[in-house]
Protein chains: 2
Amino acid sequence: MPYIQDIETCRETVIGTGGVSAGALDAALDAAGPALDRLRGDVENGRLPALAIARSEADLGAIEQTAARLAAACDDVVVLGTGGSSLSGICYRALNPVNSGPRLHFLENVDPQGFEDSLTGLDLARTGLLVVSKSGTTAETLSQAFALIPRLRTARGADGLSQATAVISDPPAAGAAPAPLRQLAAELGLPILDHEAGIGGRFSCLSNVGLLPARLCGIDPAAVRQGAAHVLDGLMSGAAPADIPPALGAALNVAIARERGLTQAVMMPYLDRFAPFAAWYCQLWAESLGKDVVATTPIAALGTRDQHSQLQLWLDGPPDKLYTLIFGAPQGTGPDIAPPEGAGPGLDYLAGRRMGDLLAAEQEATRETLAARGRPVRVFALPRADGRAIGALMAHFMAETILAGDLLGIEPFGQPAVEAGKVLARQKLAAMGGGPGNAGSGRGRAS
Amino acid sequence: MPYIQDIETCRETVIGTGGVSAGALDAALDAAGPALDRLRGDVENGRLPALAIARSEADLGAIEQTAARLAAACDDVVVLGTGGSSLSGICYRALNPVNSGPRLHFLENVDPQGFEDSLTGLDLARTGLLVVSKSGTTAETLSQAFALIPRLRTARGADGLSQATAVISDPPAAGAAPAPLRQLAAELGLPILDHEAGIGGRFSCLSNVGLLPARLCGIDPAAVRQGAAHVLDGLMSGAAPADIPPALGAALNVAIARERGLTQAVMMPYLDRFAPFAAWYCQLWAESLGKDVVATTPIAALGTRDQHSQLQLWLDGPPDKLYTLIFGAPQGTGPDIAPPEGAGPGLDYLAGRRMGDLLAAEQEATRETLAARGRPVRVFALPRADGRAIGALMAHFMAETILAGDLLGIEPFGQPAVEAGKVLARQKLAAMGGGPGNAGSGRGRAS
């Protein structure tokens, strides 16, 4: 098993009235049956490639080839993309921080100072570029590309730029013109990988969007897919919802939020290498379900750090959160932490211990302390914190989110509300002084 | 002015019933008057050194001297500490990411793998150590120190270790034995700086806890204090609460949460260099006020990134959040983002623009889009994103938090609930197999 989900400290019978009652959970599990059937039908009929891709090997050759090309040409690779185009790659990078391949630099923002800070110290003649935009029209990503490509072309030459670049974007719809990013890539001879059809940004972690950066970081794409396939096999198995972890998780989230009035869902890994996983989860949950007032708000945290930041609020503040903790298997690992002579009395509890023992004690203590106050805590235990484990967790949470959407009557795949802001930003930009429509502009259009 | 606070898009008259009514805000401002008087009295009587230290220069010499000693001896400095002992230092480091001084590495956790990852590639013979624990008893920090000090002593020798190390911890109370960290430092000859008396961890950003790392990163401690002193001067000025930004901010937070049932407070800088500031704020707000069910939960975000992650939920999800955005002054700055030839049509809005123009348009569009849905948005505008600005913001939010605590009847300075978890973790550690009390232990006690 790549992971074990344990919801015991979410039950009313264990933690009291902060927990979910057996009746409420059973009712949600009953509803999860038909939801699971719909999900299975979607997988079988090709309508859910985000999960079905776990069983595919068809694109692994192209990922491998592209990664090898970039690794040969680059000491550093700048990754342009934001949201679903960056978060899974950041997760994979964190999983192998001492990798010997090219260093990846994820540029997610358009803060000019942050942009320059990120490029400081890079040898542009040995720097490559990965540009990820599903639509090929993302303003932030296009702007970053327009700013960076001329510099890279100056440093590497046109052929060198082409050799060190990859673009991931949707192919044009039948009869439609290619999006700006694809047109630019064609104009400059930059190799293009198609964004997998029918997979939205935040569900793209198992596609080339996530797995090309993974491969560059030394994480094996096949292992990630194997972990995800394990979860997919469970979903398709025909087992009862209570025996399928993502279905149980979806039922728990929906039932306990409804019954206990929870408004927030905290995701707290206790492994440094899984720290960005919480941010990935937050996008997945928020953008997929944040379309109705019943949606809970995801919150990213990190253990043990946030015991010294948020735990006070979690214990004495409002009882409005479901906590999901991700535990590794640290006991008995890591350096000695025995007190040296001269450190004084009161430290017997550290004598003979290793750092992993302390972590194991802390994560269990947090769970028990929260549970003792009636705060519901779900635990994911990872026997090994590797590519297979993260693939399994990603598939778990994608399925859990889709199933929760079904239970709540929320369509999980769009993000309709953010369009208004994008339009408004473009209008504001067009209306600024100094632009093409204004007299006295010293900065002419390039075309 | 280091910053300008603008609460217009929090008012009912501007955004509709999601905003605070004039009556509710005025009532909170009336209550803020006596709260301000109490705060002024505390500053004058020496009971609020966390803010009063803004006017001090007494310890700047020791900070300067220690920073110079470490900088001369180190290419890298590992900072051991967690929560209030690390978060402000991380904020200062982010403010000057291309600094020429020693690189700081903040180790906040006890994940053995993350611990080793953080040390990978460091030349221990040129690595120094800063250990920060107010109590001198923090289990995580002591464990890290016990694991790391023997390695550094091997690499540098005892004298070299002493030369490259600083410890910040409370002096012992009169008649009491020194805490373990101070005993260890005395035993090994490690220089000690006293943690400023009467300043709790999360309020220590203006003391040597924050300003020694700041100085190592090339941020001028005097400039930080000047920014904070500007805020303190306003607090002490005798002006009306509505004209003192932290008092207005406290009244807004309390009034709008009560009137509109808000449960969450989002902090979203649009400057990459202020990204960790949101995490600092989250600890300050959560640990100070998370002692009653009326406390709102702080949530860290970053623009523009989280427009592609959280904004969908913020617009269509439950109306339960107050948004605080921090804007820089990016317009007209940064690289050209004009579309090159061949990028295709539909990009006129980028023609003649620079990256900062896009950021300026995006941050304003987010504010207006949220406000148009009746979601309350407060904006802090920073003319310059420098040490003076962050000092001012830190003083603002410390004062705002203290005043909000007064308005809510919550004592902001302790964190009583987390003690139970600490005790439980020690018990679990002591009860593990393989320890000193167990037969068959292969790892003996050091003393």
# chains A, B, ... in the order shown; residues from 1 in each chain; ligands from 1
call {"tool": "select_by_dssp", "arguments": {"residues": "region 111-349 of chain B", "states": "strand (DSSP E)", "output": "ChimeraX atom specification"}}
result
/B:127-132,165-169,192-194,264-269,297-300,321-327
call {"tool": "residues_around", "arguments": {"residues": "Asn253 (chain A)", "least_positions_apart": "4", "cutoff": "9 Å", "atoms": "only C-alpha atoms", "output": "ChimeraX atom specification"}}
result
/A:248-249,257-258,265,296,322,404
call {"tool": "write_last_selection", "arguments": {"atoms": "C-alpha atoms", "output": "PDB file, in the first residue's frame"}}
result
ATOM      1  CA  LEU A 248     -14.542   7.219   2.232  1.00  0.00           C
ATOM      2  CA  GLY A 249     -12.622  10.494   2.281  1.00  0.00           C
ATOM      3  CA  ALA A 257     -18.858  19.560   7.279  1.00  0.00           C
ATOM      4  CA  ARG A 258     -22.635  19.349   7.013  1.00  0.00           C
ATOM      5  CA  ALA A 265     -10.061  21.841   5.734  1.00  0.00           C
ATOM      6  CA  THR A 296     -14.970  24.380   2.740  1.00  0.00           C
ATOM      7  CA  LEU A 322     -11.270  19.103   9.558  1.00  0.00           C
ATOM      8  CA  ALA A 404     -17.164  15.266  -3.072  1.00  0.00           C
TER       9      ALA A 404
END
call {"tool": "closest_residue", "arguments": {"among": "A:Arg55, A:Arg215, A:His396, A:Arg273", "to": "Arg69 (chain A)", "atoms": "only C-alpha atoms"}}
result
A:Arg215
call {"tool": "residues_around", "arguments": {"residues": "Ala94 (chain B)", "least_positions_apart": "6", "cutoff": "8 Å", "atoms": "only C-alpha atoms", "output": "list in words"}}
result
Arg273, Phe274, Ala275 and Pro276 of chain B
call {"tool": "write_last_selection", "arguments": {"atoms": "C-alpha atoms", "output": "PDB file, in the first residue's frame"}}
result
ATOM      1  CA  ARG B 273       9.701  39.618  -1.527  1.00  0.00           C
ATOM      2  CA  PHE B 274       6.815  39.867   0.946  1.00  0.00           C
ATOM      3  CA  ALA B 275       5.594  36.286   0.426  1.00  0.00           C
ATOM      4  CA  PRO B 276       6.806  35.068   3.868  1.00  0.00           C
TER       5      PRO B 276
END
call {"tool": "closest_atom_pairs", "arguments": {"of": "region 371-446 of chain B", "to": "region 190-203 of chain B", "cutoff": "9 Å", "atoms": "only C-alpha atoms", "output": "JSON lines"}}
result
{"residue": "B:Met394", "atom": "CA", "partner": "B:Phe203", "partner_atom": "CA", "distance": 9.0}
{"residue": "B:Met398", "atom": "CA", "partner": "B:Phe203", "partner_atom": "CA", "distance": 7.0}
{"residue": "B:Phe413", "atom": "CA", "partner": "B:Gly200", "partner_atom": "CA", "distance": 7.0}
{"residue": "B:Gly414", "atom": "CA", "partner": "B:Gly200", "partner_atom": "CA", "distance": 8.1}
call {"tool": "closest_residue", "arguments": {"among": "B:Gln264, B:Glu411, B:Thr369, B:Ser85", "to": "Pro318 (chain B)", "atoms": "only C-alpha atoms"}}
result
B:Gln264
call {"tool": "select_by_dssp", "arguments": {"residues": "region 154-229 of chain B", "states": "alpha helix (DSSP H)", "output": "number ranges by chain"}}
result
B: 154-163, 180-188, 208-216, 221-229
call {"tool": "write_last_selection", "arguments": {"atoms": "C-alpha atoms", "output": "mmCIF file, in the first residue's frame"}}
result
data_model
loop_
_atom_site.group_PDB
_atom_site.id
_atom_site.type_symbol
_atom_site.label_atom_id
_atom_site.label_comp_id
_atom_site.auth_asym_id
_atom_site.auth_seq_id
_atom_site.Cartn_x
_atom_site.Cartn_y
_atom_site.Cartn_z
ATOM 1 C CA THR B 154 34.459 18.329 13.950
ATOM 2 C CA ALA B 155 34.612 20.560 10.865
ATOM 3 C CA ARG B 156 35.688 23.807 12.542
ATOM 4 C CA GLY B 157 37.240 22.870 15.887
ATOM 5 C CA ALA B 158 35.966 24.135 19.218
ATOM 6 C CA ASP B 159 37.277 27.662 18.734
ATOM 7 C CA GLY B 160 36.007 27.842 15.178
ATOM 8 C CA LEU B 161 32.566 26.741 16.333
ATOM 9 C CA SER B 162 32.511 29.397 19.026
ATOM 10 C CA GLN B 163 33.583 32.040 16.535
ATOM 11 C CA PRO B 180 19.350 23.816 28.871
ATOM 12 C CA LEU B 181 20.265 25.910 25.823
ATOM 13 C CA ARG B 182 22.138 28.448 27.945
ATOM 14 C CA GLN B 183 23.854 25.733 29.932
ATOM 15 C CA LEU B 184 24.990 24.117 26.702
ATOM 16 C CA ALA B 185 26.224 27.436 25.330
ATOM 17 C CA ALA B 186 28.176 28.127 28.512
ATOM 18 C CA GLU B 187 29.684 24.636 28.455
ATOM 19 C CA LEU B 188 30.823 25.006 24.837
ATOM 20 C CA ASN B 208 17.691 40.781 17.949
ATOM 21 C CA VAL B 209 15.689 37.626 17.097
ATOM 22 C CA GLY B 210 14.613 39.245 13.851
ATOM 23 C CA LEU B 211 17.237 41.904 13.358
ATOM 24 C CA LEU B 212 20.357 39.768 13.644
ATOM 25 C CA PRO B 213 19.222 37.639 10.668
ATOM 26 C CA ALA B 214 18.112 40.864 8.980
ATOM 27 C CA ARG B 215 21.572 42.351 9.321
ATOM 28 C CA LEU B 216 23.155 39.168 7.986
ATOM 29 C CA PRO B 221 18.106 47.091 11.510
ATOM 30 C CA ALA B 222 17.940 50.843 12.071
ATOM 31 C CA ALA B 223 15.737 51.278 8.989
ATOM 32 C CA VAL B 224 13.382 48.535 10.190
ATOM 33 C CA ARG B 225 13.092 50.232 13.563
ATOM 34 C CA GLN B 226 12.522 53.617 11.923
ATOM 35 C CA GLY B 227 9.591 52.188 10.007
ATOM 36 C CA ALA B 228 8.202 50.693 13.200
ATOM 37 C CA ALA B 229 8.808 53.921 15.102
#
call {"tool": "atom_distance", "arguments": {"atom1": "CA of Thr138 (chain A)", "atom2": "CA of Cys91 (chain A)"}}
result
21.6 Å
call {"tool": "closest_residue", "arguments": {"among": "B:Ala389, B:Val110, B:Ala247, B:Leu407", "to": "chain A", "atoms": "only C-alpha atoms"}}
result
B:Val110
call {"tool": "closest_residue", "arguments": {"among": "A:Ala251, A:Val377, A:Ala166, A:Leu87", "to": "chain B", "atoms": "only C-alpha atoms"}}
result
A:Leu87
call {"tool": "residues_around", "arguments": {"residues": "Gly128 (chain B)", "least_positions_apart": "2", "cutoff": "6 Å", "atoms": "only C-alpha atoms", "output": "JSON, numbers by chain"}}
result
{"B": [74, 77, 164, 165]}
call {"tool": "write_last_selection", "arguments": {"atoms": "N, CA and C atoms", "output": "PDB file, in the first residue's frame"}}
result
ATOM      1  N   CYS B  74      31.747  32.836   8.046  1.00  0.00           N
ATOM      2  CA  CYS B  74      30.792  31.904   7.431  1.00  0.00           C
ATOM      3  C   CYS B  74      30.432  32.277   5.996  1.00  0.00           C
ATOM      4  N   VAL B  77      24.980  30.221   7.147  1.00  0.00           N
ATOM      5  CA  VAL B  77      24.602  30.187   8.557  1.00  0.00           C
ATOM      6  C   VAL B  77      23.296  29.409   8.679  1.00  0.00           C
ATOM      7  N   ALA B 164      31.838  31.082  15.153  1.00  0.00           N
ATOM      8  CA  ALA B 164      30.824  31.092  14.091  1.00  0.00           C
ATOM      9  C   ALA B 164      29.418  30.884  14.627  1.00  0.00           C
ATOM     10  N   THR B 165      29.239  31.004  15.930  1.00  0.00           N
ATOM     11  CA  THR B 165      27.945  30.678  16.546  1.00  0.00           C
ATOM     12  C   THR B 165      27.420  31.838  17.369  1.00  0.00           C
TER      13      THR B 165
END
call {"tool": "closest_residue", "arguments": {"among": "B:Ser86, B:Asn99, B:Gln113, B:Gln144", "to": "Val132 (chain B)", "atoms": "only C-alpha atoms"}}
result
B:Ser86
call {"tool": "closest_residue", "arguments": {"among": "B:Ala177, B:Cys205, B:Leu370, B:Met432", "to": "Val14 (chain B)", "atoms": "only C-alpha atoms"}}
result
B:Leu370
call {"tool": "residues_around", "arguments": {"residues": "Ala372 (chain A)", "least_positions_apart": "4", "cutoff": "10 Å", "atoms": "only C-alpha atoms", "output": "JSON, numbers by chain"}}
result
{"A": [9, 14, 15, 16, 315, 366, 367, 368, 376]}
call {"tool": "residues_around", "arguments": {"residues": "Gln415 (chain B)", "least_positions_apart": "2", "cutoff": "9 Å", "atoms": "only C-alpha atoms", "output": "ChimeraX atom specification"}}
result
/A:312-313 /B:287-288,290-291,412-413,417-419
call {"tool": "write_last_selection", "arguments": {"atoms": "C-alpha atoms", "output": "short mmCIF file (atom, residue, chain, number, x, y, z; two decimals), in the first residue's frame"}}
result
data_model
loop_
_atom_site.label_atom_id
_atom_site.label_comp_id
_atom_site.auth_asym_id
_atom_site.auth_seq_id
_atom_site.Cartn_x
_atom_site.Cartn_y
_atom_site.Cartn_z
CA GLN A 312 -3.07 27.39 19.62
CA LEU A 313 -5.93 28.54 17.37
CA GLU B 287 -1.51 32.43 18.36
CA SER B 288 -2.49 35.80 19.81
CA GLY B 290 -6.92 31.91 18.83
CA LYS B 291 -8.21 31.51 22.36
CA PRO B 412 -2.99 38.24 23.24
CA PHE B 413 0.37 37.30 24.75
CA ALA B 417 -3.27 25.43 24.75
CA VAL B 418 -0.14 24.16 23.06
CA GLU B 419 1.48 23.14 26.35
#
call {"tool": "atom_distance", "arguments": {"atom1": "CA of Val167 (chain A)", "atom2": "CA of Leu130 (chain A)"}}
result
5.8 Å
call {"tool": "atom_distance", "arguments": {"atom1": "CA of Lys321 (chain B)", "atom2": "CA of Cys10 (chain B)"}}
result
11.1 Å
